[in-house]
Amino acid sequence: MILIRLFFEFFRAGLFAIGGGLATIPFLRDIGLRTAWFTSEELANMIAVSESTPGPMGVNMATYVGFTTAGVPGAVVATLGLICPSIIIILVICQFLQRFRQSRGVEAVFYGLRPASTALITAAGASVAAIALLNTAAWTGEVSSLTAVLQWKEIALAAVLLVCTRIKKLKSLHPIVWILVAAVVGIIFQM
């Protein structure tokens with residue numbers, strides 16, 4: 001039963017998450033809240049690991065959730081659930097796109113998908129920022145202290161990274177260097 005639910009939860013996420021891995025984050029957050037398969041903190045860790053490992057981010061996260069929920073069969077089923085909608089849609093589009101390639105309606109649909117994709121990615125970015133920079137456990141509606149809600153170490157790190165990305169010499173560093181530095185900083189912050 002769990003395998004069927006894994007497949008359909010990730011099938012739905014794959015069906016509606018237009019825009020790549022970051023667009024799956026709001027759907028994954030919803031899955032975590034509804035199923036209790038993972039917490040918001042575990043989602044933040046999944047995002048960090050998925051961003052720094054090879055492969056599509058959404059697929060990496062689906063595989064991880066499937067594995068932690070139901071072992072290797074769960075990893076396979078969740079991953080298939082996430083990618084099946086894309087495969088089906090691509091096969092259908094390939095059949096019809098050649099005939100309707102010059103159609104104004106097809107152009108309009110693709111033009112309309114751009115803002116939806118942008119909105120999903122923006123929502124994902126806001127969710128990640130909230131998880132990373134705010135202490136959601138301290139958020140109880142009536143906040144007595146701003147210092148209780150803000151995670152100052154993380155905010156300082158974000159500010160340093162923003163400044164570093166504006167320095168031309170640092171900006172030209174290979175992404176692997178940034179991933180390694182981020183890993184070291186993460187290890188230091190966890191100590």
# chains A, B, ... in the order shown; residues from 1 in each chain; ligands from 1
call {"tool": "select_by_dssp", "arguments": {"residues": "chain A", "states": "alpha helix (DSSP H)", "output": "number ranges by chain"}}
result
A: 2-16, 25-35, 40-52, 57-100, 104-133, 146-149, 152-164, 168-171, 175-190
call {"tool": "closest_atom_pairs", "arguments": {"of": "range 46-135 of chain A", "to": "range 173-179 of chain A", "cutoff": "12 Å", "atoms": "only C-alpha atoms", "output": "Markdown table"}}
result
| residue | atom | partner | partner_atom | distance |
| --- | --- | --- | --- | --- |
| A:Ala48 | CA | A:Ile179 | CA | 10.0 |
| A:Val49 | CA | A:Ile179 | CA | 10.3 |
| A:Ser50 | CA | A:Ile179 | CA | 11.7 |
| A:Glu51 | CA | A:Ile179 | CA | 9.1 |
| A:Ser52 | CA | A:Ile179 | CA | 6.5 |
| A:Thr53 | CA | A:Ile179 | CA | 9.6 |
| A:Pro54 | CA | A:Ile176 | CA | 11.4 |
call {"tool": "write_last_selection", "arguments": {"atoms": "N, CA, C and O atoms", "output": "PDB file, in the first residue's frame"}}
result
ATOM      1  N   ALA A  48      19.610  20.568   0.242  1.00  0.00           N
ATOM      2  CA  ALA A  48      21.059  20.813   0.252  1.00  0.00           C
ATOM      3  C   ALA A  48      21.825  19.662  -0.378  1.00  0.00           C
ATOM      4  O   ALA A  48      22.716  19.872  -1.210  1.00  0.00           O
ATOM      5  N   VAL A  49      21.473  18.434  -0.014  1.00  0.00           N
ATOM      6  CA  VAL A  49      22.168  17.271  -0.571  1.00  0.00           C
ATOM      7  C   VAL A  49      21.852  17.126  -2.055  1.00  0.00           C
ATOM      8  O   VAL A  49      22.748  16.855  -2.869  1.00  0.00           O
ATOM      9  N   SER A  50      20.601  17.321  -2.437  1.00  0.00           N
ATOM     10  CA  SER A  50      20.206  17.175  -3.846  1.00  0.00           C
ATOM     11  C   SER A  50      20.871  18.210  -4.734  1.00  0.00           C
ATOM     12  O   SER A  50      21.184  17.939  -5.891  1.00  0.00           O
ATOM     13  N   GLU A  51      21.058  19.414  -4.203  1.00  0.00           N
ATOM     14  CA  GLU A  51      21.725  20.463  -4.978  1.00  0.00           C
ATOM     15  C   GLU A  51      23.206  20.163  -5.172  1.00  0.00           C
ATOM     16  O   GLU A  51      23.799  20.582  -6.147  1.00  0.00           O
ATOM     17  N   SER A  52      23.799  19.450  -4.224  1.00  0.00           N
ATOM     18  CA  SER A  52      25.246  19.233  -4.308  1.00  0.00           C
ATOM     19  C   SER A  52      25.624  17.863  -4.860  1.00  0.00           C
ATOM     20  O   SER A  52      26.802  17.546  -4.943  1.00  0.00           O
ATOM     21  N   THR A  53      24.641  17.050  -5.227  1.00  0.00           N
ATOM     22  CA  THR A  53      24.944  15.755  -5.829  1.00  0.00           C
ATOM     23  C   THR A  53      24.531  15.758  -7.295  1.00  0.00           C
ATOM     24  O   THR A  53      23.654  16.512  -7.692  1.00  0.00           O
ATOM     25  N   PRO A  54      25.164  14.903  -8.086  1.00  0.00           N
ATOM     26  CA  PRO A  54      24.816  14.850  -9.504  1.00  0.00           C
ATOM     27  C   PRO A  54      23.382  14.363  -9.709  1.00  0.00           C
ATOM     28  O   PRO A  54      22.854  13.591  -8.916  1.00  0.00           O
TER      29      PRO A  54
END
call {"tool": "closest_atom_pairs", "arguments": {"of": "range 40-78 of chain A", "to": "range 111-126 of chain A", "cutoff": "12 Å", "atoms": "only C-alpha atoms", "output": "JSON lines"}}
result
{"residue": "A:Leu43", "atom": "CA", "partner": "A:Ala124", "partner_atom": "CA", "distance": 11.6}
{"residue": "A:Ala44", "atom": "CA", "partner": "A:Ala124", "partner_atom": "CA", "distance": 11.1}
{"residue": "A:Ile47", "atom": "CA", "partner": "A:Ala124", "partner_atom": "CA", "distance": 10.4}
{"residue": "A:Gly58", "atom": "CA", "partner": "A:Ala124", "partner_atom": "CA", "distance": 11.9}
call {"tool": "closest_residue", "arguments": {"among": "A:Met57, A:Ile167, A:Leu157, A:Val77", "to": "Phe189 in chain A", "atoms": "only C-alpha atoms"}}
result
A:Leu157
call {"tool": "atom_distance", "arguments": {"atom1": "CA of Ile31 in chain A", "atom2": "CA of Ala132 in chain A"}}
result
19.2 Å
call {"tool": "closest_residue", "arguments": {"among": "A:Leu150, A:Leu15, A:Leu6, A:Leu161", "to": "Thr63 in chain A", "atoms": "only C-alpha atoms"}}
result
A:Leu6
call {"tool": "residues_around", "arguments": {"residues": "range 65-67 of chain A", "least_positions_apart": "2", "cutoff": "12 Å", "atoms": "only C-alpha atoms", "output": "NGL selection string"}}
result
:A and (2-10 or 28-29 or 31-32 or 35-39 or 42-43 or 45-47 or 50 or 58-63 or 69-82)
call {"tool": "atom_distance", "arguments": {"atom1": "CA of Asn135 in chain A", "atom2": "CA of Gly186 in chain A"}}
result
17.0 Å
call {"tool": "atom_distance", "arguments": {"atom1": "CA of Leu162 in chain A", "atom2": "CA of Pro56 in chain A"}}
result
24.8 Å
